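Below is the file coords31.json, which contains JSON, C-alpha atoms and all ligand atoms.
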```json
[["chain", "number", "residue", "atom", "x", "y", "z"],
["J", 1, "MET", "CA", 4.97, -18.93, -21.15],
["J", 2, "THR", "CA", 5.56, -17.27, -24.50],
["J", 3, "ILE", "CA", 5.00, -13.53, -24.77],
["J", 4, "PRO", "CA", 2.02, -12.82, -27.09],
["J", 5, "LYS", "CA", 3.08, -11.28, -30.43],
["J", 6, "GLY", "CA", 0.29, -8.75, -30.05],
["J", 7, "LEU", "CA", 1.87, -7.47, -26.84],
["J", 8, "LEU", "CA", 5.29, -7.14, -28.49],
["J", 9, "ASP", "CA", 3.68, -5.26, -31.40],
["J", 10, "ALA", "CA", 1.84, -2.97, -28.96],
["J", 11, "LEU", "CA", 5.08, -2.25, -27.09],
["J", 12, "ARG", "CA", 6.94, -1.46, -30.32],
["J", 13, "ALA", "CA", 4.17, 0.94, -31.37],
["J", 14, "SER", "CA", 3.80, 2.49, -27.92],
["J", 15, "GLN", "CA", 4.71, 6.13, -27.38],
["J", 16, "ARG", "CA", 3.87, 6.32, -23.66],
["J", 17, "VAL", "CA", 3.91, 3.33, -21.31],
["J", 18, "CYS", "CA", 2.59, 3.50, -17.75],
["J", 19, "VAL", "CA", 3.51, 0.79, -15.24],
["J", 20, "LEU", "CA", 1.89, 0.17, -11.85],
["J", 21, "THR", "CA", 3.65, -2.26, -9.54],
["J", 22, "GLY", "CA", 2.70, -3.90, -6.26],
["J", 23, "SER", "CA", 4.39, -6.03, -3.65],
["J", 24, "GLY", "CA", 4.48, -9.05, -5.98],
["J", 25, "VAL", "CA", 7.35, -7.39, -7.85],
["J", 26, "SER", "CA", 9.43, -7.36, -4.65],
["J", 27, "ALA", "CA", 8.40, -10.86, -3.54],
["J", 28, "GLU", "CA", 11.31, -12.50, -5.42],
["J", 29, "SER", "CA", 13.70, -10.20, -3.56],
["J", 30, "GLY", "CA", 12.46, -11.74, -0.31],
["J", 31, "VAL", "CA", 10.12, -8.91, 0.73],
["J", 32, "PRO", "CA", 6.83, -10.57, 1.79],
["J", 33, "ALA", "CA", 3.81, -9.49, -0.28],
["J", 34, "PHE", "CA", 1.53, -7.27, 1.70],
["J", 35, "ARG", "CA", -1.14, -9.85, 2.31],
["J", 36, "GLU", "CA", 1.28, -12.65, 3.15],
["J", 37, "ALA", "CA", 1.63, -13.58, 6.80],
["J", 38, "GLN", "CA", 4.11, -11.59, 8.79],
["J", 39, "THR", "CA", 7.04, -13.63, 10.11],
["J", 40, "GLY", "CA", 8.38, -14.27, 13.60],
["J", 41, "LEU", "CA", 7.39, -11.76, 16.27],
["J", 42, "TRP", "CA", 5.08, -9.99, 13.84],
["J", 43, "GLU", "CA", 2.92, -13.05, 13.08],
["J", 44, "GLN", "CA", 0.60, -11.99, 15.92],
["J", 45, "TYR", "CA", -0.09, -8.65, 14.27],
["J", 46, "ASP", "CA", -2.23, -7.80, 11.24],
["J", 47, "PRO", "CA", -0.57, -4.95, 9.25],
["J", 48, "HIS", "CA", -3.95, -3.28, 9.27],
["J", 49, "GLU", "CA", -3.56, -2.98, 13.08],
["J", 50, "LEU", "CA", -0.12, -1.40, 12.85],
["J", 51, "ALA", "CA", -0.24, 0.78, 9.74],
["J", 52, "THR", "CA", -2.79, 3.34, 10.99],
["J", 53, "PRO", "CA", -2.54, 6.74, 12.72],
["J", 54, "GLU", "CA", -4.61, 5.34, 15.58],
["J", 55, "ALA", "CA", -2.19, 2.43, 16.14],
["J", 56, "PHE", "CA", 0.70, 4.92, 16.13],
["J", 57, "GLN", "CA", -0.94, 7.20, 18.68],
["J", 58, "ARG", "CA", -1.84, 4.19, 20.80],
["J", 59, "ASP", "CA", 1.63, 2.64, 20.80],
["J", 60, "PRO", "CA", 4.29, 4.58, 18.84],
["J", 61, "GLN", "CA", 7.06, 2.38, 20.24],
["J", 62, "LEU", "CA", 5.43, -0.79, 18.81],
["J", 63, "VAL", "CA", 4.83, 0.81, 15.42],
["J", 64, "TRP", "CA", 8.44, 2.04, 15.25],
["J", 65, "ARG", "CA", 9.68, -1.47, 16.17],
["J", 66, "TRP", "CA", 7.66, -2.90, 13.27],
["J", 67, "TYR", "CA", 8.95, -0.34, 10.78],
["J", 68, "ARG", "CA", 12.55, -0.80, 11.98],
["J", 69, "TRP", "CA", 12.10, -4.54, 11.37],
["J", 70, "ARG", "CA", 10.74, -3.82, 7.85],
["J", 71, "ARG", "CA", 13.60, -1.37, 7.14],
["J", 72, "GLU", "CA", 16.22, -3.93, 8.25],
["J", 73, "LEU", "CA", 14.53, -6.59, 6.12],
["J", 74, "VAL", "CA", 14.58, -4.37, 3.01],
["J", 75, "ASP", "CA", 18.16, -3.23, 3.70],
["J", 76, "GLY", "CA", 19.17, -6.89, 3.56],
["J", 77, "VAL", "CA", 17.67, -7.67, 0.14],
["J", 78, "GLU", "CA", 18.47, -6.71, -3.44],
["J", 79, "PRO", "CA", 16.37, -5.75, -6.44],
["J", 80, "ASN", "CA", 15.46, -8.80, -8.52],
["J", 81, "PRO", "CA", 15.43, -9.40, -12.32],
["J", 82, "GLY", "CA", 11.89, -8.00, -12.48],
["J", 83, "HIS", "CA", 13.04, -4.62, -11.12],
["J", 84, "HIS", "CA", 16.00, -4.59, -13.50],
["J", 85, "ALA", "CA", 13.86, -5.55, -16.51],
["J", 86, "LEU", "CA", 11.67, -2.49, -15.89],
["J", 87, "VAL", "CA", 14.80, -0.30, -15.97],
["J", 88, "THR", "CA", 15.74, -1.87, -19.32],
["J", 89, "LEU", "CA", 12.19, -1.49, -20.66],
["J", 90, "ALA", "CA", 12.30, 2.24, -19.89],
["J", 91, "GLY", "CA", 15.25, 2.48, -22.28],
["J", 92, "LEU", "CA", 13.45, 0.61, -25.06],
["J", 93, "VAL", "CA", 10.31, 2.79, -25.32],
["J", 94, "PRO", "CA", 9.98, 6.55, -25.96],
["J", 95, "GLU", "CA", 8.48, 7.23, -22.52],
["J", 96, "LEU", "CA", 7.77, 5.07, -19.46],
["J", 97, "THR", "CA", 6.27, 6.26, -16.17],
["J", 98, "LEU", "CA", 6.61, 3.92, -13.18],
["J", 99, "ILE", "CA", 4.04, 4.15, -10.39],
["J", 100, "THR", "CA", 4.61, 1.86, -7.41],
["J", 101, "GLN", "CA", 2.49, 0.93, -4.41],
["J", 102, "ASN", "CA", 5.63, -0.45, -2.80],
["J", 103, "VAL", "CA", 7.46, 1.53, -0.14],
["J", 104, "ASP", "CA", 10.70, -0.49, -0.27],
["J", 105, "GLY", "CA", 12.63, 1.74, -2.69],
["J", 106, "LEU", "CA", 13.82, -1.32, -4.68],
["J", 107, "HIS", "CA", 12.85, 0.20, -8.05],
["J", 108, "GLN", "CA", 15.14, 3.16, -7.34],
["J", 109, "ARG", "CA", 17.94, 0.86, -6.14],
["J", 110, "ALA", "CA", 17.62, -1.05, -9.45],
["J", 111, "GLY", "CA", 18.05, 2.23, -11.35],
["J", 112, "SER", "CA", 14.50, 3.38, -12.14],
["J", 113, "ASP", "CA", 14.20, 7.18, -12.22],
["J", 114, "ASP", "CA", 11.35, 9.48, -11.23],
["J", 115, "VAL", "CA", 9.41, 6.69, -9.53],
["J", 116, "ILE", "CA", 5.96, 7.79, -8.37],
["J", 117, "GLU", "CA", 5.70, 6.37, -4.82],
["J", 118, "PHE", "CA", 1.93, 6.11, -4.48],
["J", 119, "HIS", "CA", 2.11, 4.89, -0.89],
["J", 120, "GLY", "CA", 5.23, 6.76, 0.22],
["J", 121, "ASN", "CA", 8.61, 5.40, 1.21],
["J", 122, "LEU", "CA", 9.59, 3.18, 4.15],
["J", 123, "PHE", "CA", 12.86, 5.05, 4.74],
["J", 124, "GLN", "CA", 11.40, 8.54, 4.78],
["J", 125, "ASN", "CA", 10.62, 10.17, 8.16],
["J", 126, "ARG", "CA", 7.84, 12.71, 8.58],
["J", 127, "CYS", "CA", 6.69, 14.82, 11.50],
["J", 128, "PHE", "CA", 3.43, 13.36, 12.89],
["J", 129, "VAL", "CA", 2.33, 16.89, 13.88],
["J", 130, "GLU", "CA", 3.38, 19.03, 10.90],
["J", 131, "GLY", "CA", 3.55, 16.36, 8.17],
["J", 132, "CYS", "CA", 6.85, 17.66, 6.81],
["J", 133, "VAL", "CA", 9.74, 15.40, 5.84],
["J", 134, "VAL", "CA", 12.56, 15.46, 8.42],
["J", 135, "ASP", "CA", 16.04, 14.37, 7.31],
["J", 136, "ASP", "CA", 18.15, 15.18, 10.37],
["J", 137, "ALA", "CA", 16.40, 13.17, 13.06],
["J", 138, "ASP", "CA", 18.20, 11.15, 15.73],
["J", 139, "LEU", "CA", 16.91, 7.70, 14.75],
["J", 140, "SER", "CA", 18.56, 6.06, 17.75],
["J", 141, "LEU", "CA", 15.63, 7.24, 19.90],
["J", 142, "GLU", "CA", 12.90, 4.61, 20.38],
["J", 143, "VAL", "CA", 10.44, 7.16, 18.98],
["J", 144, "PRO", "CA", 12.41, 9.76, 16.99],
["J", 145, "VAL", "CA", 11.26, 13.38, 17.31],
["J", 146, "CYS", "CA", 10.96, 16.29, 14.90],
["J", 147, "SER", "CA", 13.95, 18.67, 15.03],
["J", 148, "GLY", "CA", 11.54, 21.51, 14.30],
["J", 149, "CYS", "CA", 8.60, 21.15, 16.67],
["J", 150, "GLY", "CA", 9.65, 18.27, 18.92],
["J", 151, "GLY", "CA", 6.63, 16.19, 17.89],
["J", 152, "MET", "CA", 6.89, 12.46, 17.20],
["J", 153, "LEU", "CA", 8.29, 11.35, 13.83],
["J", 154, "ARG", "CA", 6.56, 8.64, 11.79],
["J", 155, "PRO", "CA", 7.66, 6.61, 8.77],
["J", 156, "GLY", "CA", 6.78, 8.39, 5.52],
["J", 157, "VAL", "CA", 4.33, 5.76, 4.31],
["J", 158, "VAL", "CA", 0.60, 6.08, 3.62],
["J", 159, "TRP", "CA", -1.37, 4.41, 6.40],
["J", 160, "PHE", "CA", -4.80, 2.87, 6.12],
["J", 161, "GLY", "CA", -7.40, 5.60, 6.18],
["J", 162, "GLU", "CA", -4.94, 8.23, 4.93],
["J", 163, "SER", "CA", -4.93, 10.00, 1.56],
["J", 164, "ILE", "CA", -2.44, 9.44, -1.22],
["J", 165, "PRO", "CA", 0.12, 12.29, -1.33],
["J", 166, "GLU", "CA", -1.35, 14.95, -3.63],
["J", 167, "SER", "CA", 1.75, 15.16, -5.83],
["J", 168, "ALA", "CA", 1.80, 11.36, -6.33],
["J", 169, "MET", "CA", -1.91, 11.38, -7.15],
["J", 170, "ASN", "CA", -1.55, 14.18, -9.69],
["J", 171, "ASP", "CA", 1.56, 12.70, -11.30],
["J", 172, "ALA", "CA", -0.07, 9.26, -11.56],
["J", 173, "ALA", "CA", -3.25, 10.70, -13.05],
["J", 174, "ALA", "CA", -1.22, 12.58, -15.66],
["J", 175, "ALA", "CA", 0.74, 9.44, -16.58],
["J", 176, "VAL", "CA", -2.42, 7.35, -16.85],
["J", 177, "SER", "CA", -4.31, 9.91, -18.93],
["J", 178, "GLY", "CA", -1.53, 10.09, -21.51],
["J", 179, "CYS", "CA", -0.46, 6.48, -21.87],
["J", 180, "ASP", "CA", -1.30, 4.10, -24.70],
["J", 181, "LEU", "CA", -0.15, 0.96, -22.84],
["J", 182, "PHE", "CA", -0.73, 0.29, -19.11],
["J", 183, "PHE", "CA", 0.96, -2.53, -17.17],
["J", 184, "SER", "CA", -0.36, -3.78, -13.81],
["J", 185, "ILE", "CA", 2.40, -5.94, -12.31],
["J", 186, "GLY", "CA", 2.52, -7.87, -9.03],
["J", 187, "THR", "CA", -0.58, -6.35, -7.47],
["J", 188, "SER", "CA", -3.86, -7.87, -6.31],
["J", 189, "ALA", "CA", -5.68, -4.82, -7.75],
["J", 190, "LEU", "CA", -7.74, -4.65, -4.56],
["J", 191, "VAL", "CA", -6.63, -1.41, -2.90],
["J", 192, "TRP", "CA", -8.06, 1.88, -4.14],
["J", 193, "PRO", "CA", -7.32, 4.39, -5.54],
["J", 194, "ALA", "CA", -4.34, 2.52, -7.06],
["J", 195, "ALA", "CA", -6.69, -0.24, -8.22],
["J", 196, "GLY", "CA", -8.62, 2.31, -10.28],
["J", 197, "LEU", "CA", -5.66, 3.43, -12.39],
["J", 198, "ALA", "CA", -5.98, 0.59, -14.91],
["J", 199, "ASP", "CA", -9.64, 1.40, -15.55],
["J", 200, "ALA", "CA", -8.80, 5.08, -16.01],
["J", 201, "ALA", "CA", -6.14, 4.10, -18.54],
["J", 202, "ARG", "CA", -8.56, 1.86, -20.44],
["J", 203, "GLN", "CA", -11.22, 4.55, -20.50],
["J", 204, "GLN", "CA", -8.88, 6.88, -22.36],
["J", 205, "GLY", "CA", -7.96, 4.21, -24.88],
["J", 206, "ALA", "CA", -4.90, 2.44, -23.48],
["J", 207, "SER", "CA", -4.37, -1.31, -23.83],
["J", 208, "ILE", "CA", -4.11, -3.05, -20.46],
["J", 209, "VAL", "CA", -1.51, -5.69, -19.59],
["J", 210, "GLU", "CA", -1.45, -7.68, -16.33],
["J", 211, "ILE", "CA", 1.57, -9.67, -15.13],
["J", 212, "ASN", "CA", 0.68, -11.37, -11.86],
["J", 213, "LEU", "CA", 1.08, -14.70, -10.11],
["J", 214, "ASP", "CA", -2.61, -15.06, -9.32],
["J", 215, "VAL", "CA", -5.85, -14.05, -11.03],
["J", 216, "THR", "CA", -7.16, -10.67, -9.84],
["J", 217, "PRO", "CA", -10.36, -8.63, -10.36],
["J", 218, "LEU", "CA", -8.49, -6.89, -13.20],
["J", 219, "SER", "CA", -7.51, -10.08, -15.05],
["J", 220, "SER", "CA", -10.74, -10.38, -17.06],
["J", 221, "GLU", "CA", -10.54, -6.70, -18.07],
["J", 222, "THR", "CA", -7.13, -6.86, -19.73],
["J", 223, "ASN", "CA", -5.97, -7.00, -23.34],
["J", 224, "PHE", "CA", -3.05, -9.22, -22.30],
["J", 225, "CYS", "CA", -3.02, -11.31, -19.09],
["J", 226, "LEU", "CA", 0.26, -13.09, -18.29],
["J", 227, "GLN", "CA", 0.02, -15.29, -15.21],
["J", 228, "GLY", "CA", 3.41, -15.97, -13.63],
["J", 229, "LYS", "CA", 6.35, -14.47, -11.78],
["J", 230, "SER", "CA", 7.38, -10.95, -12.73],
["J", 231, "GLY", "CA", 11.04, -11.90, -12.17],
["J", 232, "THR", "CA", 10.66, -14.43, -14.99],
["J", 233, "LEU", "CA", 8.12, -12.84, -17.34],
["J", 234, "LEU", "CA", 9.59, -9.32, -17.44],
["J", 235, "PRO", "CA", 13.10, -10.48, -18.48],
["J", 236, "GLU", "CA", 11.41, -12.78, -21.03],
["J", 237, "LEU", "CA", 9.49, -9.79, -22.40],
["J", 238, "ILE", "CA", 12.72, -7.81, -22.75],
["J", 239, "ASP", "CA", 14.46, -10.74, -24.48],
["J", 240, "CYS", "CA", 11.57, -11.11, -26.97],
["J", 241, "LEU", "CA", 11.57, -7.38, -27.68],
["J", 242, "ALA", "CA", 15.28, -7.46, -28.41],
["J", 243, "VAL", "CA", 15.29, -10.44, -30.77],
["J", 244, "GLN", "CA", 12.11, -10.18, -32.81],
["C", 301, "LIG", "P1", -0.89, -7.83, -2.35],
["C", 301, "LIG", "O1", -0.16, -8.66, -1.36],
["C", 301, "LIG", "O2", -2.32, -7.48, -2.12],
["C", 301, "LIG", "O3", -0.83, -8.54, -3.79],
["C", 301, "LIG", "C1", 0.40, -8.98, -4.29],
["C", 301, "LIG", "C2", 0.10, -9.64, -5.63],
["C", 301, "LIG", "O4", 1.34, -10.04, -6.18],
["C", 301, "LIG", "C3", -0.76, -10.89, -5.50],
["C", 301, "LIG", "O5", -1.86, -10.80, -6.40],
["C", 301, "LIG", "C4", 0.16, -12.04, -5.89],
["C", 301, "LIG", "O6", -0.50, -13.01, -6.70],
["C", 301, "LIG", "C5", 1.19, -11.32, -6.72],
["C", 301, "LIG", "N1", 2.53, -11.93, -6.68],
["C", 301, "LIG", "C6", 3.15, -12.50, -5.63],
["C", 301, "LIG", "N2", 4.40, -12.90, -5.99],
["C", 301, "LIG", "C7", 4.55, -12.53, -7.30],
["C", 301, "LIG", "C8", 5.59, -12.64, -8.25],
["C", 301, "LIG", "N3", 6.77, -13.22, -7.94],
["C", 301, "LIG", "N4", 5.39, -12.16, -9.50],
["C", 301, "LIG", "C9", 4.22, -11.58, -9.84],
["C", 301, "LIG", "N5", 3.18, -11.43, -8.98],
["C", 301, "LIG", "C10", 3.35, -11.91, -7.74],
["C", 301, "LIG", "O7", 0.00, -6.51, -2.53],
["C", 301, "LIG", "P2", -0.41, -5.20, -3.28],
["C", 301, "LIG", "O8", -1.37, -5.44, -4.40],
["C", 301, "LIG", "O9", 0.85, -4.49, -3.61],
["C", 301, "LIG", "O10", -1.02, -0.35, 0.81],
["C", 301, "LIG", "O11", -1.17, -4.37, -2.14],
["C", 301, "LIG", "C11", -1.55, -3.05, -2.47],
["C", 301, "LIG", "C12", -1.54, -2.27, -1.20],
["C", 301, "LIG", "O12", -2.31, -2.93, -0.20],
["C", 301, "LIG", "C13", -0.17, -2.12, -0.55],
["C", 301, "LIG", "O13", 0.60, -1.11, -1.16],
["C", 301, "LIG", "C14", -0.58, -1.69, 0.85],
["C", 301, "LIG", "C15", -1.78, -2.59, 1.08],
["C", 301, "LIG", "O14", -2.80, -1.92, 1.76],
["C", 301, "LIG", "C16", -0.49, 0.50, 1.76],
["C", 301, "LIG", "O15", 0.43, 0.14, 2.48],
["C", 301, "LIG", "C17", -1.11, 1.84, 1.81]]
```
Once more with this new file: its structure as structure tokens, please.
Amino acid sequence: MTIPKGLLDALRASQRVCVLTGSGVSAESGVPAFREAQTGLWEQYDPHELATPEAFQRDPQLVWRWYRWRRELVDGVEPNPGHHALVTLAGLVPELTLITQNVDGLHQRAGSDDVIEFHGNLFQNRCFVEGCVVDDADLSLEVPVCSGCGGMLRPGVVWFGESIPESAMNDAAAAVSGCDLFFSIGTSALVWPAAGLADAARQQGASIVEINLDVTPLSSETNFCLQGKSGTLLPELIDCLAVQ
């Protein structure tokens, strides 16, 4: 696919870019997209039945086994060219804010700074009772406990039915309200409130770009809609920016 000249012109004129990524950006690193089937032991489980406070209270051991499996999986993969292209892009425009729905930390491992983790981070541990982040837990326990209150620890990710961390929400809203170009990359644009960020950007005058493997509910609302792999299209975008 060739990158539309209009998109290159918009990028060159842009003063503030905002990027929202989803699990499609990590797919080429080998991290299954959120709605793809789980593998092996976890095929029998729907993430919606594991990633909830109720599931955790019902069976904290099971939920910790799942998250340990996800942590090991992510530890064994590397950022892909799509992650690295976003780091390069940040150096080619005056300002770029990266908001991710992913909890895998791969943007940071690729070198992205100040990433807004809209759904938290897989490797963070928080007290289930107090909500605070706990860094000195004994993770060898089947269900680690808070060093402060002794309550159960939980992974620091946003579960279904839970709110987005207030700081992430505020930071994302500020980035969206001030941007002139908004990218939605590797996300099905189905899960709110993240799915509403593109519309908020458009309403304040930003141009909307989607880079995604499949068509989404956002696709028909964009100024530029590039259907394909982010690990291919993002490096191609960088190459075109550099040469033309
Ligand atoms: P989904 O699995 O819903 O969507 C992933 C999107 O990435 C799909 O539209 C695919 O077409 C696309 N895709 C797959 N491989 C790609 C590739 N190589 N290049 C580009 N696009 C590709 O994942 P998300 O949209 O991220 O929330 O899901 C959003 C949220 O739903 C997740 O963060 C999670 C879930 O509920 C929480 O965990 C709170």
Quiz item: What is the CA of Ala110 in chain J-CA of Leu98 in chain J distance in Å, reported with one decimal?
Solution: 12.6 Å
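Near Val87 in chain J, within a cut-off of 12 Å and counting all atoms listed in the file, sit the residues J:Val19, J:Pro79, J:Asn80, J:Pro81, J:Gly82, J:Leu92, J:Val93, J:Glu95, J:Leu96, J:Thr97, J:Leu98, J:Leu106, J:His107, J:Gln108, J:Arg109, J:Ala110, J:Gly111, J:Ser112, J:Asp113, J:Asp114, J:Val115, J:Leu234, J:Pro235, J:Ile238, with same-chain residues fewer than 5 positions away left out.
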Report, as lines of an AutoDock Vina configuration file, the axis-aligned box around all atoms of range 135-147 of chain J present in the file, extended by 5 Å on each side; give centre and edge lengths in Å to one decimal place.
```
center_x = 14.5
center_y = 11.6
center_z = 13.8
size_x = 18.1
size_y = 24.1
size_z = 23.1
```
Quiz prompt | Neighbourhood of ligand LIG 301 (chain C) at 7 Å, counting only C-alpha atoms and all ligand atoms, reported as a ChimeraX atom specification | solution = /J:21-25,27-28,33-36,101-102,119,158-160,185-191,211-216,228-231
Deliver the residues from the most recent selection as a file, using C-alpha atoms, as a PDB file, in the frame of the given file.
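Result went into again-v2.pdb, see below:
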```
ATOM      1  CA  THR J  21       3.650  -2.260  -9.540  1.00  0.00           C
ATOM      2  CA  GLY J  22       2.700  -3.900  -6.260  1.00  0.00           C
ATOM      3  CA  SER J  23       4.390  -6.030  -3.650  1.00  0.00           C
ATOM      4  CA  GLY J  24       4.480  -9.050  -5.980  1.00  0.00           C
ATOM      5  CA  VAL J  25       7.350  -7.390  -7.850  1.00  0.00           C
ATOM      6  CA  ALA J  27       8.400 -10.860  -3.540  1.00  0.00           C
ATOM      7  CA  GLU J  28      11.310 -12.500  -5.420  1.00  0.00           C
ATOM      8  CA  ALA J  33       3.810  -9.490  -0.280  1.00  0.00           C
ATOM      9  CA  PHE J  34       1.530  -7.270   1.700  1.00  0.00           C
ATOM     10  CA  ARG J  35      -1.140  -9.850   2.310  1.00  0.00           C
ATOM     11  CA  GLU J  36       1.280 -12.650   3.150  1.00  0.00           C
ATOM     12  CA  GLN J 101       2.490   0.930  -4.410  1.00  0.00           C
ATOM     13  CA  ASN J 102       5.630  -0.450  -2.800  1.00  0.00           C
ATOM     14  CA  HIS J 119       2.110   4.890  -0.890  1.00  0.00           C
ATOM     15  CA  VAL J 158       0.600   6.080   3.620  1.00  0.00           C
ATOM     16  CA  TRP J 159      -1.370   4.410   6.400  1.00  0.00           C
ATOM     17  CA  PHE J 160      -4.800   2.870   6.120  1.00  0.00           C
ATOM     18  CA  ILE J 185       2.400  -5.940 -12.310  1.00  0.00           C
ATOM     19  CA  GLY J 186       2.520  -7.870  -9.030  1.00  0.00           C
ATOM     20  CA  THR J 187      -0.580  -6.350  -7.470  1.00  0.00           C
ATOM     21  CA  SER J 188      -3.860  -7.870  -6.310  1.00  0.00           C
ATOM     22  CA  ALA J 189      -5.680  -4.820  -7.750  1.00  0.00           C
ATOM     23  CA  LEU J 190      -7.740  -4.650  -4.560  1.00  0.00           C
ATOM     24  CA  VAL J 191      -6.630  -1.410  -2.900  1.00  0.00           C
ATOM     25  CA  ILE J 211       1.570  -9.670 -15.130  1.00  0.00           C
ATOM     26  CA  ASN J 212       0.680 -11.370 -11.860  1.00  0.00           C
ATOM     27  CA  LEU J 213       1.080 -14.700 -10.110  1.00  0.00           C
ATOM     28  CA  ASP J 214      -2.610 -15.060  -9.320  1.00  0.00           C
ATOM     29  CA  VAL J 215      -5.850 -14.050 -11.030  1.00  0.00           C
ATOM     30  CA  THR J 216      -7.160 -10.670  -9.840  1.00  0.00           C
ATOM     31  CA  GLY J 228       3.410 -15.970 -13.630  1.00  0.00           C
ATOM     32  CA  LYS J 229       6.350 -14.470 -11.780  1.00  0.00           C
ATOM     33  CA  SER J 230       7.380 -10.950 -12.730  1.00  0.00           C
ATOM     34  CA  GLY J 231      11.040 -11.900 -12.170  1.00  0.00           C
TER      35      GLY J 231
END
```
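CA of Phe118 in chain J is found 29.3 Å from CA of Asp9 in chain J.
Our summary of the geometry notes that CA of Gly150 in chain J is positioned 8.7 Å from CA of Cys127 in chain J.
By chain and then residue number, the residues within 9 Å of Asp136 in chain J are J:Val134, J:Asp138, J:Leu139, J:Cys146, J:Ser147, counting all atoms listed in the file and disregarding those fewer than 2 positions away in sequence.
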Quiz prompt | Nearby residues (all atoms listed in the file) at most 12 Å from range 130-133 of chain J, same-chain spacing under 3 positions excluded, as a ChimeraX atom specification | solution = /J:120-121,123-127,136-137,145-158,165
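Each of J:Ala194, J:Gln15, J:Ser167, J:Ala10 was checked against Thr100 in chain J using only C-alpha atoms; the smallest atom-to-atom distance is that of J:Ala194.
When only C-alpha atoms are used to measure the gap to Leu7 in chain J, the shortest distance among J:Leu181, J:Asp199, J:Gln227, J:Glu43 belongs to J:Leu181.
Nearest residue to Ala195 in chain J among J:Leu8, J:Ile99, J:Ala51, J:Leu241 is J:Ile99, counting only C-alpha atoms.
When all atoms listed in the file are used to measure the gap to Thr232 in chain J, the shortest distance among J:Arg202, J:His83, J:Gln61, J:Glu49 belongs to J:His83.
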Quiz prompt | J:Pro60, J:Pro53, J:Pro193, J:Gly91 ranked by distance to Gly161 in chain J, top pick (using all atoms listed in the file) | solution = J:Pro53
With 9 Å as the threshold, what does the neighbourhood of (-5.1, -0.3, -19.9) contain in terms of residues, counting all atoms listed in the file? Coordinates are those of the file; answer as an mmCIF file with C-alpha atoms, in the coordinates of the input.
```cif
data_model
loop_
_atom_site.group_PDB
_atom_site.id
_atom_site.type_symbol
_atom_site.label_atom_id
_atom_site.label_comp_id
_atom_site.auth_asym_id
_atom_site.auth_seq_id
_atom_site.Cartn_x
_atom_site.Cartn_y
_atom_site.Cartn_z
ATOM 1 C CA CYS J 18 2.590 3.500 -17.750
ATOM 2 C CA VAL J 176 -2.420 7.350 -16.850
ATOM 3 C CA CYS J 179 -0.460 6.480 -21.870
ATOM 4 C CA ASP J 180 -1.300 4.100 -24.700
ATOM 5 C CA LEU J 181 -0.150 0.960 -22.840
ATOM 6 C CA PHE J 182 -0.730 0.290 -19.110
ATOM 7 C CA PHE J 183 0.960 -2.530 -17.170
ATOM 8 C CA SER J 184 -0.360 -3.780 -13.810
ATOM 9 C CA LEU J 197 -5.660 3.430 -12.390
ATOM 10 C CA ALA J 198 -5.980 0.590 -14.910
ATOM 11 C CA ASP J 199 -9.640 1.400 -15.550
ATOM 12 C CA ALA J 200 -8.800 5.080 -16.010
ATOM 13 C CA ALA J 201 -6.140 4.100 -18.540
ATOM 14 C CA ARG J 202 -8.560 1.860 -20.440
ATOM 15 C CA GLN J 203 -11.220 4.550 -20.500
ATOM 16 C CA GLN J 204 -8.880 6.880 -22.360
ATOM 17 C CA GLY J 205 -7.960 4.210 -24.880
ATOM 18 C CA ALA J 206 -4.900 2.440 -23.480
ATOM 19 C CA SER J 207 -4.370 -1.310 -23.830
ATOM 20 C CA ILE J 208 -4.110 -3.050 -20.460
ATOM 21 C CA VAL J 209 -1.510 -5.690 -19.590
ATOM 22 C CA GLU J 210 -1.450 -7.680 -16.330
ATOM 23 C CA GLU J 221 -10.540 -6.700 -18.070
ATOM 24 C CA THR J 222 -7.130 -6.860 -19.730
ATOM 25 C CA ASN J 223 -5.970 -7.000 -23.340
#
```
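Residues lying within 10 Å of Trp42 in chain J, counting only C-alpha atoms and ignoring same-chain neighbours fewer than 5 positions away, are Ala37, Pro47, Arg65, Trp66 and Trp69 of chain J.
When only C-alpha atoms are used to measure the gap to Leu218 in chain J, the shortest distance among J:Gly196, J:Arg12, J:Asp239, J:Val129 belongs to J:Gly196.
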Please, could N, CA, C and O atoms be added to range 12-16 of chain J and the result written as a PDB file, in the coordinates of the input?
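This went into result_10.pdb:
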```pdb
ATOM      1  N   ARG J  12       6.124  -2.109 -29.279  1.00  0.00           N
ATOM      2  CA  ARG J  12       6.940  -1.460 -30.320  1.00  0.00           C
ATOM      3  C   ARG J  12       6.263  -0.217 -30.856  1.00  0.00           C
ATOM      4  O   ARG J  12       6.909   0.753 -31.241  1.00  0.00           O
ATOM      5  N   ALA J  13       4.922  -0.221 -30.836  1.00  0.00           N
ATOM      6  CA  ALA J  13       4.170   0.940 -31.370  1.00  0.00           C
ATOM      7  C   ALA J  13       3.921   1.978 -30.280  1.00  0.00           C
ATOM      8  O   ALA J  13       3.567   3.117 -30.577  1.00  0.00           O
ATOM      9  N   SER J  14       4.168   1.605 -29.027  1.00  0.00           N
ATOM     10  CA  SER J  14       3.800   2.490 -27.920  1.00  0.00           C
ATOM     11  C   SER J  14       4.652   3.762 -27.871  1.00  0.00           C
ATOM     12  O   SER J  14       5.867   3.723 -28.092  1.00  0.00           O
ATOM     13  N   GLN J  15       3.984   4.863 -27.594  1.00  0.00           N
ATOM     14  CA  GLN J  15       4.710   6.130 -27.380  1.00  0.00           C
ATOM     15  C   GLN J  15       4.828   6.446 -25.890  1.00  0.00           C
ATOM     16  O   GLN J  15       5.769   7.087 -25.455  1.00  0.00           O
ATOM     17  N   ARG J  16       3.848   6.020 -25.111  1.00  0.00           N
ATOM     18  CA  ARG J  16       3.870   6.320 -23.660  1.00  0.00           C
ATOM     19  C   ARG J  16       3.346   5.130 -22.877  1.00  0.00           C
ATOM     20  O   ARG J  16       2.183   4.782 -22.962  1.00  0.00           O
TER      21      ARG J  16
END
```
